[in-house]
$ cat upload33.cif   # mmCIF, C-alpha atoms
data_protein
#
loop_
_atom_site.label_atom_id
_atom_site.label_comp_id
_atom_site.auth_asym_id
_atom_site.auth_seq_id
_atom_site.Cartn_x
_atom_site.Cartn_y
_atom_site.Cartn_z
CA MET A 1 -81.65 17.24 -90.77
CA THR A 2 -80.61 16.49 -87.19
CA THR A 3 -82.91 15.85 -84.29
CA THR A 4 -82.32 16.20 -80.61
CA ALA A 5 -83.45 13.69 -78.06
CA SER A 6 -86.35 14.73 -75.91
CA PRO A 7 -85.48 15.20 -72.24
CA ASN A 8 -88.45 13.01 -71.45
CA ALA A 9 -87.23 10.20 -73.67
CA VAL A 10 -87.19 6.83 -71.96
CA ARG A 11 -83.70 5.51 -71.28
CA VAL A 12 -83.04 2.02 -72.49
CA ARG A 13 -82.23 -0.19 -69.54
CA PRO A 14 -79.66 -2.92 -69.92
CA THR A 15 -81.22 -6.33 -70.31
CA GLY A 16 -80.14 -9.92 -70.62
CA ALA A 17 -76.48 -10.77 -70.20
CA ARG A 18 -75.42 -7.17 -69.64
CA ARG A 19 -77.91 -6.69 -66.80
CA TYR A 20 -76.84 -10.00 -65.29
CA ARG A 21 -73.18 -8.92 -65.30
CA GLN A 22 -74.02 -5.56 -63.73
CA ILE A 23 -76.01 -7.11 -60.88
CA LEU A 24 -73.39 -9.82 -60.39
CA TRP A 25 -70.64 -7.21 -60.10
CA LEU A 26 -72.77 -5.06 -57.76
CA LEU A 27 -73.35 -7.95 -55.35
CA THR A 28 -69.75 -9.14 -55.58
CA SER A 29 -68.28 -5.71 -54.87
CA ARG A 30 -70.68 -5.36 -51.95
CA ASP A 31 -69.46 -8.65 -50.50
CA LEU A 32 -65.83 -7.61 -50.84
CA ARG A 33 -66.42 -4.20 -49.27
CA VAL A 34 -68.28 -5.68 -46.31
CA ARG A 35 -65.65 -8.38 -45.82
CA TYR A 36 -62.72 -5.97 -45.82
CA SER A 37 -64.35 -2.99 -44.09
CA THR A 38 -64.93 -4.94 -40.87
CA SER A 39 -61.32 -6.13 -40.66
CA ALA A 40 -58.23 -4.15 -39.69
CA LEU A 41 -55.99 -6.26 -41.95
CA GLY A 42 -58.50 -6.30 -44.80
CA TYR A 43 -57.00 -7.82 -47.95
CA LEU A 44 -54.19 -9.49 -46.00
CA TRP A 45 -56.64 -11.98 -44.51
CA SER A 46 -57.33 -13.41 -47.96
CA ILE A 47 -53.69 -14.53 -48.24
CA LEU A 48 -52.77 -15.04 -44.59
CA ASP A 49 -54.61 -18.34 -44.22
CA PRO A 50 -52.98 -20.08 -47.22
CA LEU A 51 -49.59 -18.62 -46.26
CA VAL A 52 -49.85 -20.06 -42.76
CA MET A 53 -50.95 -23.44 -44.13
CA ALA A 54 -48.15 -23.43 -46.70
CA GLY A 55 -45.65 -22.47 -44.01
CA ILE A 56 -46.74 -25.39 -41.82
CA TYR A 57 -46.51 -27.94 -44.62
CA TRP A 58 -43.20 -26.49 -45.79
CA PHE A 59 -41.76 -26.80 -42.28
CA VAL A 60 -43.06 -30.35 -41.77
CA PHE A 61 -41.91 -31.69 -45.14
CA THR A 62 -38.58 -29.86 -45.39
CA GLN A 63 -37.39 -29.40 -41.81
CA VAL A 64 -38.97 -32.25 -39.81
CA PHE A 65 -39.24 -35.07 -42.34
CA GLN A 66 -37.22 -35.87 -45.41
CA ARG A 67 -39.53 -34.85 -48.24
CA SER A 68 -40.08 -37.29 -51.09
CA VAL A 69 -42.94 -35.46 -52.84
CA GLY A 70 -43.23 -32.27 -54.85
CA GLU A 71 -40.52 -30.16 -56.46
CA ASP A 72 -38.13 -27.42 -55.39
CA PRO A 73 -38.68 -24.72 -54.35
CA TYR A 74 -41.31 -26.56 -52.34
CA ILE A 75 -43.01 -23.41 -51.01
CA VAL A 76 -43.78 -22.35 -54.61
CA PHE A 77 -44.94 -25.88 -55.39
CA LEU A 78 -47.32 -25.70 -52.42
CA LEU A 79 -48.69 -22.22 -53.05
CA SER A 80 -49.34 -22.83 -56.74
CA ALA A 81 -52.03 -25.36 -55.76
CA LEU A 82 -52.94 -24.15 -52.26
CA LEU A 83 -54.01 -20.66 -53.36
CA PRO A 84 -56.49 -21.94 -56.01
CA TRP A 85 -57.66 -24.55 -53.49
CA MET A 86 -58.63 -21.75 -51.10
CA TRP A 87 -60.77 -20.25 -53.87
CA PHE A 88 -62.49 -23.57 -54.55
CA ASN A 89 -62.92 -24.47 -50.88
CA GLY A 90 -64.22 -21.04 -49.86
CA ALA A 91 -66.73 -20.74 -52.70
CA VAL A 92 -68.16 -24.25 -52.34
CA SER A 93 -68.32 -23.97 -48.55
CA ASP A 94 -70.11 -20.59 -48.73
CA SER A 95 -72.50 -21.96 -51.37
CA THR A 96 -74.09 -24.13 -48.70
CA ARG A 97 -75.54 -20.92 -47.22
CA ALA A 98 -76.08 -19.06 -50.51
CA PHE A 99 -79.88 -19.04 -50.23
CA LEU A 100 -80.36 -19.40 -46.50
CA ARG A 101 -78.19 -16.41 -45.58
CA GLU A 102 -80.09 -13.96 -47.83
CA ALA A 103 -83.48 -15.68 -47.93
CA LYS A 104 -85.53 -12.46 -47.96
CA LEU A 105 -83.61 -10.96 -50.88
CA VAL A 106 -83.71 -14.23 -52.81
CA ARG A 107 -87.50 -14.41 -52.44
CA SER A 108 -88.29 -10.74 -53.03
CA THR A 109 -86.04 -9.88 -55.99
CA LYS A 110 -86.60 -10.86 -59.61
CA ILE A 111 -82.94 -11.22 -60.54
CA PRO A 112 -81.75 -14.62 -61.79
CA ARG A 113 -81.16 -16.75 -58.69
CA THR A 114 -77.95 -18.26 -60.06
CA ILE A 115 -76.37 -14.91 -59.19
CA TRP A 116 -76.46 -15.81 -55.48
CA VAL A 117 -74.03 -18.65 -56.19
CA ASN A 118 -71.97 -16.99 -58.92
CA ARG A 119 -71.27 -13.94 -56.75
CA LEU A 120 -69.51 -16.24 -54.28
CA VAL A 121 -67.46 -17.82 -57.06
CA LEU A 122 -66.52 -14.39 -58.39
CA SER A 123 -65.67 -12.81 -55.01
CA LYS A 124 -63.47 -15.74 -53.99
CA GLY A 125 -61.95 -15.72 -57.47
CA ILE A 126 -61.04 -12.05 -57.12
CA GLU A 127 -59.35 -12.82 -53.79
CA PHE A 128 -57.38 -15.53 -55.60
CA LEU A 129 -56.29 -13.03 -58.25
CA PHE A 130 -55.17 -10.68 -55.47
CA SER A 131 -52.98 -13.49 -54.10
CA ILE A 132 -51.11 -14.13 -57.36
CA PRO A 133 -48.52 -11.39 -56.63
CA VAL A 134 -47.68 -13.27 -53.42
CA LEU A 135 -47.04 -16.43 -55.45
CA ALA A 136 -44.90 -14.40 -57.86
CA ALA A 137 -42.89 -12.94 -54.96
CA PHE A 138 -42.14 -16.39 -53.52
CA ALA A 139 -41.21 -17.62 -57.00
CA ILE A 140 -38.73 -14.75 -57.44
CA PHE A 141 -37.12 -15.12 -54.03
CA GLY A 142 -37.20 -18.92 -54.21
CA GLY A 143 -35.53 -19.01 -57.61
CA ALA A 144 -38.39 -20.68 -59.49
CA GLU A 145 -38.14 -20.02 -63.21
CA LEU A 146 -41.20 -18.99 -65.20
CA THR A 147 -41.95 -21.31 -68.14
CA PRO A 148 -43.90 -20.65 -71.35
CA TRP A 149 -46.69 -22.79 -69.88
CA VAL A 150 -47.70 -19.77 -67.79
CA ALA A 151 -49.95 -19.11 -70.81
CA LEU A 152 -52.22 -21.85 -69.41
CA PHE A 153 -52.94 -19.79 -66.29
CA PRO A 154 -56.05 -18.08 -67.78
CA LEU A 155 -57.39 -21.44 -68.95
CA ALA A 156 -56.90 -22.89 -65.47
CA ILE A 157 -58.77 -19.94 -63.95
CA LEU A 158 -61.62 -20.35 -66.45
CA LEU A 159 -61.96 -24.10 -65.86
CA GLN A 160 -61.84 -23.63 -62.11
CA ALA A 161 -64.58 -20.97 -62.27
CA ILE A 162 -66.75 -23.32 -64.36
CA LEU A 163 -66.15 -26.26 -62.00
CA THR A 164 -66.74 -24.24 -58.84
CA ALA A 165 -69.92 -22.65 -60.19
CA GLY A 166 -71.25 -26.06 -61.23
CA ILE A 167 -70.67 -27.63 -57.81
CA GLY A 168 -72.07 -24.53 -56.09
CA LEU A 169 -75.26 -24.73 -58.17
CA ILE A 170 -75.69 -28.35 -57.06
CA VAL A 171 -74.96 -27.78 -53.38
CA ALA A 172 -76.82 -24.49 -52.81
CA PRO A 173 -80.38 -25.69 -53.55
CA LEU A 174 -79.92 -29.17 -52.06
CA VAL A 175 -78.83 -27.77 -48.68
CA VAL A 176 -82.19 -25.98 -48.44
CA PHE A 177 -83.93 -29.38 -48.37
CA PHE A 178 -81.25 -31.37 -46.55
CA ARG A 179 -79.63 -29.16 -43.91
CA ASP A 180 -77.17 -31.87 -42.86
CA LEU A 181 -75.63 -31.55 -46.32
CA GLU A 182 -73.89 -28.38 -45.13
CA ARG A 183 -71.77 -30.31 -42.64
CA ALA A 184 -71.36 -33.20 -45.07
CA THR A 185 -70.00 -30.79 -47.68
CA LYS A 186 -67.39 -29.48 -45.26
CA LEU A 187 -66.30 -33.04 -44.44
CA ALA A 188 -66.13 -33.86 -48.16
CA LEU A 189 -63.98 -30.78 -48.77
CA ARG A 190 -61.62 -31.84 -45.99
CA PHE A 191 -61.27 -35.26 -47.61
CA LEU A 192 -60.87 -33.70 -51.07
CA PHE A 193 -57.98 -31.57 -49.83
CA TYR A 194 -55.87 -34.67 -49.18
CA ALA A 195 -57.25 -36.47 -52.25
CA SER A 196 -56.09 -33.60 -54.46
CA PRO A 197 -52.47 -33.00 -55.55
CA ILE A 198 -51.74 -30.06 -53.25
CA ILE A 199 -49.00 -31.20 -50.88
CA TYR A 200 -47.89 -33.78 -53.44
CA SER A 201 -47.94 -34.23 -57.21
CA THR A 202 -49.85 -36.75 -59.29
CA THR A 203 -46.42 -37.90 -60.50
CA ASN A 204 -45.73 -39.07 -56.94
CA LEU A 205 -48.72 -41.43 -57.02
CA PRO A 206 -48.42 -45.12 -57.89
CA GLU A 207 -49.26 -45.89 -61.50
CA SER A 208 -52.52 -47.57 -60.48
CA LEU A 209 -53.70 -44.42 -58.68
CA HIS A 210 -52.47 -41.98 -61.31
CA PHE A 211 -55.28 -42.95 -63.68
CA TRP A 212 -57.99 -42.54 -61.04
CA ALA A 213 -56.53 -39.21 -59.91
CA ALA A 214 -57.51 -37.81 -63.30
CA PHE A 215 -61.17 -38.09 -62.31
CA ASN A 216 -60.60 -35.49 -59.64
CA PRO A 217 -61.10 -32.41 -61.87
CA LEU A 218 -58.84 -30.36 -59.62
CA SER A 219 -55.86 -32.51 -60.66
CA GLY A 220 -55.72 -31.15 -64.20
CA ILE A 221 -56.46 -27.60 -63.06
CA PHE A 222 -53.65 -27.62 -60.49
CA ALA A 223 -51.33 -29.16 -63.09
CA MET A 224 -51.86 -26.11 -65.31
CA TYR A 225 -51.12 -23.70 -62.47
CA ARG A 226 -47.95 -25.57 -61.53
CA ALA A 227 -46.75 -25.90 -65.11
CA ALA A 228 -46.05 -22.15 -64.99
CA PHE A 229 -43.02 -22.98 -62.79
CA PHE A 230 -42.65 -26.76 -63.06
CA PRO A 231 -43.06 -27.97 -66.68
CA GLY A 232 -42.85 -31.59 -65.54
CA GLU A 233 -46.25 -31.18 -63.89
CA LEU A 234 -47.99 -30.68 -67.23
CA ASP A 235 -50.20 -33.66 -68.04
CA TRP A 236 -52.58 -33.26 -70.98
CA PHE A 237 -54.60 -36.33 -70.02
CA LEU A 238 -55.38 -34.74 -66.64
CA ILE A 239 -56.22 -31.42 -68.31
CA VAL A 240 -58.60 -32.91 -70.87
CA VAL A 241 -60.43 -34.95 -68.22
CA SER A 242 -60.65 -31.89 -65.96
CA ALA A 243 -62.09 -29.79 -68.79
CA VAL A 244 -64.73 -32.38 -69.63
CA MET A 245 -65.69 -32.91 -65.98
CA SER A 246 -65.80 -29.17 -65.24
CA VAL A 247 -68.26 -28.56 -68.09
CA ALA A 248 -70.25 -31.65 -67.03
CA PHE A 249 -70.53 -30.36 -63.45
CA LEU A 250 -71.74 -26.99 -64.74
CA LEU A 251 -74.42 -28.59 -66.92
CA ILE A 252 -75.56 -30.85 -64.07
CA GLY A 253 -75.56 -27.87 -61.71
CA LEU A 254 -77.73 -25.80 -64.06
CA LEU A 255 -80.12 -28.74 -64.47
CA VAL A 256 -80.41 -29.35 -60.71
CA PHE A 257 -80.83 -25.63 -60.08
CA ARG A 258 -83.52 -25.19 -62.72
CA ARG A 259 -85.57 -28.15 -61.49
CA SER A 260 -85.35 -27.17 -57.82
CA GLU A 261 -85.65 -23.36 -58.03
CA ARG A 262 -89.41 -23.13 -57.38
CA SER A 263 -89.24 -25.58 -54.50
CA VAL A 264 -86.33 -23.66 -53.00
CA LEU A 265 -88.30 -20.41 -53.05
CA LYS A 266 -91.19 -22.10 -51.22
CA GLU A 267 -88.88 -23.71 -48.67
CA ILE A 268 -86.91 -20.61 -47.67
#

$ encode --input "upload33.cif" --output "C-alpha cells"
Amino acid sequence: MTTTASPNAVRVRPTGARRYRQILWLLTSRDLRVRYSTSALGYLWSILDPLVMAGIYWFVFTQVFQRSVGEDPYIVFLLSALLPWMWFNGAVSDSTRAFLREAKLVRSTKIPRTIWVNRLVLSKGIEFLFSIPVLAAFAIFGGAELTPWVALFPLAILLQAILTAGIGLIVAPLVVFFRDLERATKLALRFLFYASPIIYSTTNLPESLHFWAAFNPLSGIFAMYRAAFFPGELDWFLIVVSAVMSVAFLLIGLLVFRRSERSVLKEI
C-alpha cells in the first residue's frame, strides 16, 4: 500500500556539514558577484595583478640582469608560484577584516563564525582556479613540458587551503583585540613574499638555508605546483614538513578561534 506525502508535511532542512557548505557557498558566490559586478574588467582583474608582477620580475631577471635563479621558461617558473601566492596573500590579508567588515551580520546570525574566514579562503581559491588556464597558456607558448607530477596539483591546493584557513582563523579574531595587527600582518606578508621561493627556488639557496626554508610551509606547497613543469623542484622533505605545518596551523587556528569567539562577539 502506497502513501502520499501530505502537502503540509514539514520539509527537512539541511543540517550540520551540508548546511555549512550551503551557507559557505552562498556567501562566497555573493562576494564574487559583488567583486566582479562593480568592475568593467571583472574576472581579468584576478589575473592582471600577478601577470604584471610576473612581467616585471621576468624583465628584470632576464633582460636587465643575468639571471642565476629559477628555471626556463622563467615566466612559467614565476607564475607557478606567484599565482598561488596571490591566493594566500589575498585571503590572509582580507582575514584581518573578516569580522570588522561585517560586524552586524557576525553578531546577529547564528551560522558558524568560521564561515566568515573560510569564505575568503574559498573565494580567493576560486580566483586562483580561474587563473590556472593562464598558467597553462604560458606553459604551452613557452615550451614547458607537463610532467606526471601534475598529479600533485590537487594535493597542493588542498594543503594551501588548510594552511590559509588556519592562519586566517588565527589572525581574524586577534585583529579585533589588537588593531595594529592588521598593519603588522601586511608587513609580515611582504617579508614572507621574499622569504618564500617565488622568484627563486629552494635549490638556489645555500645548503645551510635549505633546511630552514622547509619550515616555511609555502616552500613545499610551491614545490608541488612547480613539479608539474619542473620535476627537479620536487622535494619530499619540503612537502612532508609543509603538510605537517599546514595541519598544525589549522588546529592552532581552530583552538584560538574557539577560545576567543565569545570575546570577539562582545568586542565588535

$ closest_atom_pairs --input "upload33.cif" --of "range 115-203 of chain A" --to "range 214-228 of chain A" --cutoff "8 Å" --atoms "all atoms listed in the file" --output "JSON lines"
{"residue": "A:Leu146", "atom": "CA", "partner": "A:Ala228", "partner_atom": "CA", "distance": 5.8}
{"residue": "A:Thr147", "atom": "CA", "partner": "A:Ala228", "partner_atom": "CA", "distance": 5.2}
{"residue": "A:Pro148", "atom": "CA", "partner": "A:Ala228", "partner_atom": "CA", "distance": 6.9}
{"residue": "A:Trp149", "atom": "CA", "partner": "A:Ala228", "partner_atom": "CA", "distance": 5.0}
{"residue": "A:Val150", "atom": "CA", "partner": "A:Ala228", "partner_atom": "CA", "distance": 4.0}
{"residue": "A:Ala151", "atom": "CA", "partner": "A:Ala228", "partner_atom": "CA", "distance": 7.6}
{"residue": "A:Leu152", "atom": "CA", "partner": "A:Met224", "partner_atom": "CA", "distance": 5.9}
{"residue": "A:Phe153", "atom": "CA", "partner": "A:Tyr225", "partner_atom": "CA", "distance": 5.8}
{"residue": "A:Ala156", "atom": "CA", "partner": "A:Ile221", "partner_atom": "CA", "distance": 5.3}
{"residue": "A:Leu159", "atom": "CA", "partner": "A:Ile221", "partner_atom": "CA", "distance": 7.1}
{"residue": "A:Gln160", "atom": "CA", "partner": "A:Ile221", "partner_atom": "CA", "distance": 6.8}
{"residue": "A:Leu163", "atom": "CA", "partner": "A:Pro217", "partner_atom": "CA", "distance": 8.0}
{"residue": "A:Ser196", "atom": "CA", "partner": "A:Ser219", "partner_atom": "CA", "distance": 6.3}
{"residue": "A:Pro197", "atom": "CA", "partner": "A:Ser219", "partner_atom": "CA", "distance": 6.2}
{"residue": "A:Ile198", "atom": "CA", "partner": "A:Phe222", "partner_atom": "CA", "distance": 7.9}
{"residue": "A:Thr202", "atom": "CA", "partner": "A:Ser219", "partner_atom": "CA", "distance": 7.5}

$ write_last_selection --input "upload33.cif" --atoms "C-alpha atoms" --output "short mmCIF file (atom, residue, chain, number, x, y, z; two decimals), in the coordinates of the input"
data_model
loop_
_atom_site.label_atom_id
_atom_site.label_comp_id
_atom_site.auth_asym_id
_atom_site.auth_seq_id
_atom_site.Cartn_x
_atom_site.Cartn_y
_atom_site.Cartn_z
CA LEU A 146 -41.20 -18.99 -65.20
CA THR A 147 -41.95 -21.31 -68.14
CA PRO A 148 -43.90 -20.65 -71.35
CA TRP A 149 -46.69 -22.79 -69.88
CA VAL A 150 -47.70 -19.77 -67.79
CA ALA A 151 -49.95 -19.11 -70.81
CA LEU A 152 -52.22 -21.85 -69.41
CA PHE A 153 -52.94 -19.79 -66.29
CA ALA A 156 -56.90 -22.89 -65.47
CA LEU A 159 -61.96 -24.10 -65.86
CA GLN A 160 -61.84 -23.63 -62.11
CA LEU A 163 -66.15 -26.26 -62.00
CA SER A 196 -56.09 -33.60 -54.46
CA PRO A 197 -52.47 -33.00 -55.55
CA ILE A 198 -51.74 -30.06 -53.25
CA THR A 202 -49.85 -36.75 -59.29
#

$ closest_residue --input "upload33.cif" --among "A:Gly166, A:Ile111, A:Leu105, A:Met53" --to "Arg21 in chain A" --atoms "only C-alpha atoms"
A:Ile111

$ residues_near_point --input "upload33.cif" --point "(-82.0, -26.1, -47.1)" --cutoff "10 Å" --atoms "all atoms listed in the file" --output "PDB file with C-alpha atoms, keeping the file's coordinate frame"
ATOM      1  CA  THR A  96     -74.090 -24.130 -48.700  1.00  0.00           C
ATOM      2  CA  ARG A  97     -75.540 -20.920 -47.220  1.00  0.00           C
ATOM      3  CA  ALA A  98     -76.080 -19.060 -50.510  1.00  0.00           C
ATOM      4  CA  PHE A  99     -79.880 -19.040 -50.230  1.00  0.00           C
ATOM      5  CA  LEU A 100     -80.360 -19.400 -46.500  1.00  0.00           C
ATOM      6  CA  VAL A 171     -74.960 -27.780 -53.380  1.00  0.00           C
ATOM      7  CA  ALA A 172     -76.820 -24.490 -52.810  1.00  0.00           C
ATOM      8  CA  PRO A 173     -80.380 -25.690 -53.550  1.00  0.00           C
ATOM      9  CA  LEU A 174     -79.920 -29.170 -52.060  1.00  0.00           C
ATOM     10  CA  VAL A 175     -78.830 -27.770 -48.680  1.00  0.00           C
ATOM     11  CA  VAL A 176     -82.190 -25.980 -48.440  1.00  0.00           C
ATOM     12  CA  PHE A 177     -83.930 -29.380 -48.370  1.00  0.00           C
ATOM     13  CA  PHE A 178     -81.250 -31.370 -46.550  1.00  0.00           C
ATOM     14  CA  ARG A 179     -79.630 -29.160 -43.910  1.00  0.00           C
ATOM     15  CA  ASP A 180     -77.170 -31.870 -42.860  1.00  0.00           C
ATOM     16  CA  LEU A 181     -75.630 -31.550 -46.320  1.00  0.00           C
ATOM     17  CA  GLU A 182     -73.890 -28.380 -45.130  1.00  0.00           C
ATOM     18  CA  VAL A 264     -86.330 -23.660 -53.000  1.00  0.00           C
ATOM     19  CA  GLU A 267     -88.880 -23.710 -48.670  1.00  0.00           C
ATOM     20  CA  ILE A 268     -86.910 -20.610 -47.670  1.00  0.00           C
TER      21      ILE A 268
END

$ atom_distance --input "upload33.cif" --atom1 "CA of Pro84 in chain A" --atom2 "CA of Gln22 in chain A"
25.2 Å

$ residues_around --input "upload33.cif" --residues "Asp94 in chain A" --least-positions-apart "5" --cutoff "9 Å" --atoms "all atoms listed in the file" --output "ChimeraX atom specification"
/A:89,117,120,168,172

$ resolve_selection --input "upload33.cif" --expression "the PyMOL selection byres ((chain A and resi 27) around 12)" --output "MDAnalysis selection string"
chainID A and resid 20:26 28:34 102 105 111 115:123

$ atom_distance --input "upload33.cif" --atom1 "CA of Val92 in chain A" --atom2 "CA of Ile126 in chain A"
14.9 Å

$ residues_around --input "upload33.cif" --residues "Leu251 in chain A" --least-positions-apart "4" --cutoff "12 Å" --atoms "only C-alpha atoms" --output "PyMOL selection string"
chain A and resi 162-170+244-247+255-258

$ resolve_selection --input "upload33.cif" --expression "the PyMOL selection byres ((chain A and resi 57) around 12)" --output "PyMOL selection string"
chain A and resi 50-56+58-65+67+69-70+74-79+82+198-200

$ write_last_selection --input "upload33.cif" --atoms "C-alpha atoms" --output "PDB file, keeping the file's coordinate frame"
ATOM      1  CA  PRO A  50     -52.980 -20.080 -47.220  1.00  0.00           C
ATOM      2  CA  LEU A  51     -49.590 -18.620 -46.260  1.00  0.00           C
ATOM      3  CA  VAL A  52     -49.850 -20.060 -42.760  1.00  0.00           C
ATOM      4  CA  MET A  53     -50.950 -23.440 -44.130  1.00  0.00           C
ATOM      5  CA  ALA A  54     -48.150 -23.430 -46.700  1.00  0.00           C
ATOM      6  CA  GLY A  55     -45.650 -22.470 -44.010  1.00  0.00           C
ATOM      7  CA  ILE A  56     -46.740 -25.390 -41.820  1.00  0.00           C
ATOM      8  CA  TRP A  58     -43.200 -26.490 -45.790  1.00  0.00           C
ATOM      9  CA  PHE A  59     -41.760 -26.800 -42.280  1.00  0.00           C
ATOM     10  CA  VAL A  60     -43.060 -30.350 -41.770  1.00  0.00           C
ATOM     11  CA  PHE A  61     -41.910 -31.690 -45.140  1.00  0.00           C
ATOM     12  CA  THR A  62     -38.580 -29.860 -45.390  1.00  0.00           C
ATOM     13  CA  GLN A  63     -37.390 -29.400 -41.810  1.00  0.00           C
ATOM     14  CA  VAL A  64     -38.970 -32.250 -39.810  1.00  0.00           C
ATOM     15  CA  PHE A  65     -39.240 -35.070 -42.340  1.00  0.00           C
ATOM     16  CA  ARG A  67     -39.530 -34.850 -48.240  1.00  0.00           C
ATOM     17  CA  VAL A  69     -42.940 -35.460 -52.840  1.00  0.00           C
ATOM     18  CA  GLY A  70     -43.230 -32.270 -54.850  1.00  0.00           C
ATOM     19  CA  TYR A  74     -41.310 -26.560 -52.340  1.00  0.00           C
ATOM     20  CA  ILE A  75     -43.010 -23.410 -51.010  1.00  0.00           C
ATOM     21  CA  VAL A  76     -43.780 -22.350 -54.610  1.00  0.00           C
ATOM     22  CA  PHE A  77     -44.940 -25.880 -55.390  1.00  0.00           C
ATOM     23  CA  LEU A  78     -47.320 -25.700 -52.420  1.00  0.00           C
ATOM     24  CA  LEU A  79     -48.690 -22.220 -53.050  1.00  0.00           C
ATOM     25  CA  LEU A  82     -52.940 -24.150 -52.260  1.00  0.00           C
ATOM     26  CA  ILE A 198     -51.740 -30.060 -53.250  1.00  0.00           C
ATOM     27  CA  ILE A 199     -49.000 -31.200 -50.880  1.00  0.00           C
ATOM     28  CA  TYR A 200     -47.890 -33.780 -53.440  1.00  0.00           C
TER      29      TYR A 200
END

$ atom_distance --input "upload33.cif" --atom1 "CA of Leu155 in chain A" --atom2 "CA of Pro133 in chain A"
18.2 Å

$ closest_residue --input "upload33.cif" --among "A:Ser260, A:Ser242, A:Thr114, A:Thr203" --to "Leu158 in chain A" --atoms "only C-alpha atoms"
A:Ser242

$ axis_aligned_box --input "upload33.cif" --around "range 123-131 of chain A" --padding-each-side "5 Å" --output "JSON"
{"center_x": -59.3, "center_y": -13.2, "center_z": -56.0, "size_x": 22.7, "size_y": 15.1, "size_z": 14.5}

$ closest_residue --input "upload33.cif" --among "A:Ile47, A:Gly16, A:Arg113, A:Trp85" --to "Phe193 in chain A" --atoms "all atoms listed in the file"
A:Trp85

$ closest_residue --input "upload33.cif" --among "A:Val106, A:Ala81, A:Ala195, A:Ala248" --to "Phe230 in chain A" --atoms "only C-alpha atoms"
A:Ala81

$ closest_residue --input "upload33.cif" --among "A:Ala161, A:Leu48, A:Pro73, A:Leu189" --to "Phe130 in chain A" --atoms "only C-alpha atoms"
A:Leu48

$ closest_residue --input "upload33.cif" --among "A:Ser80, A:Gly253, A:Asp72, A:Ser263" --to "Val134 in chain A" --atoms "only C-alpha atoms"
A:Ser80
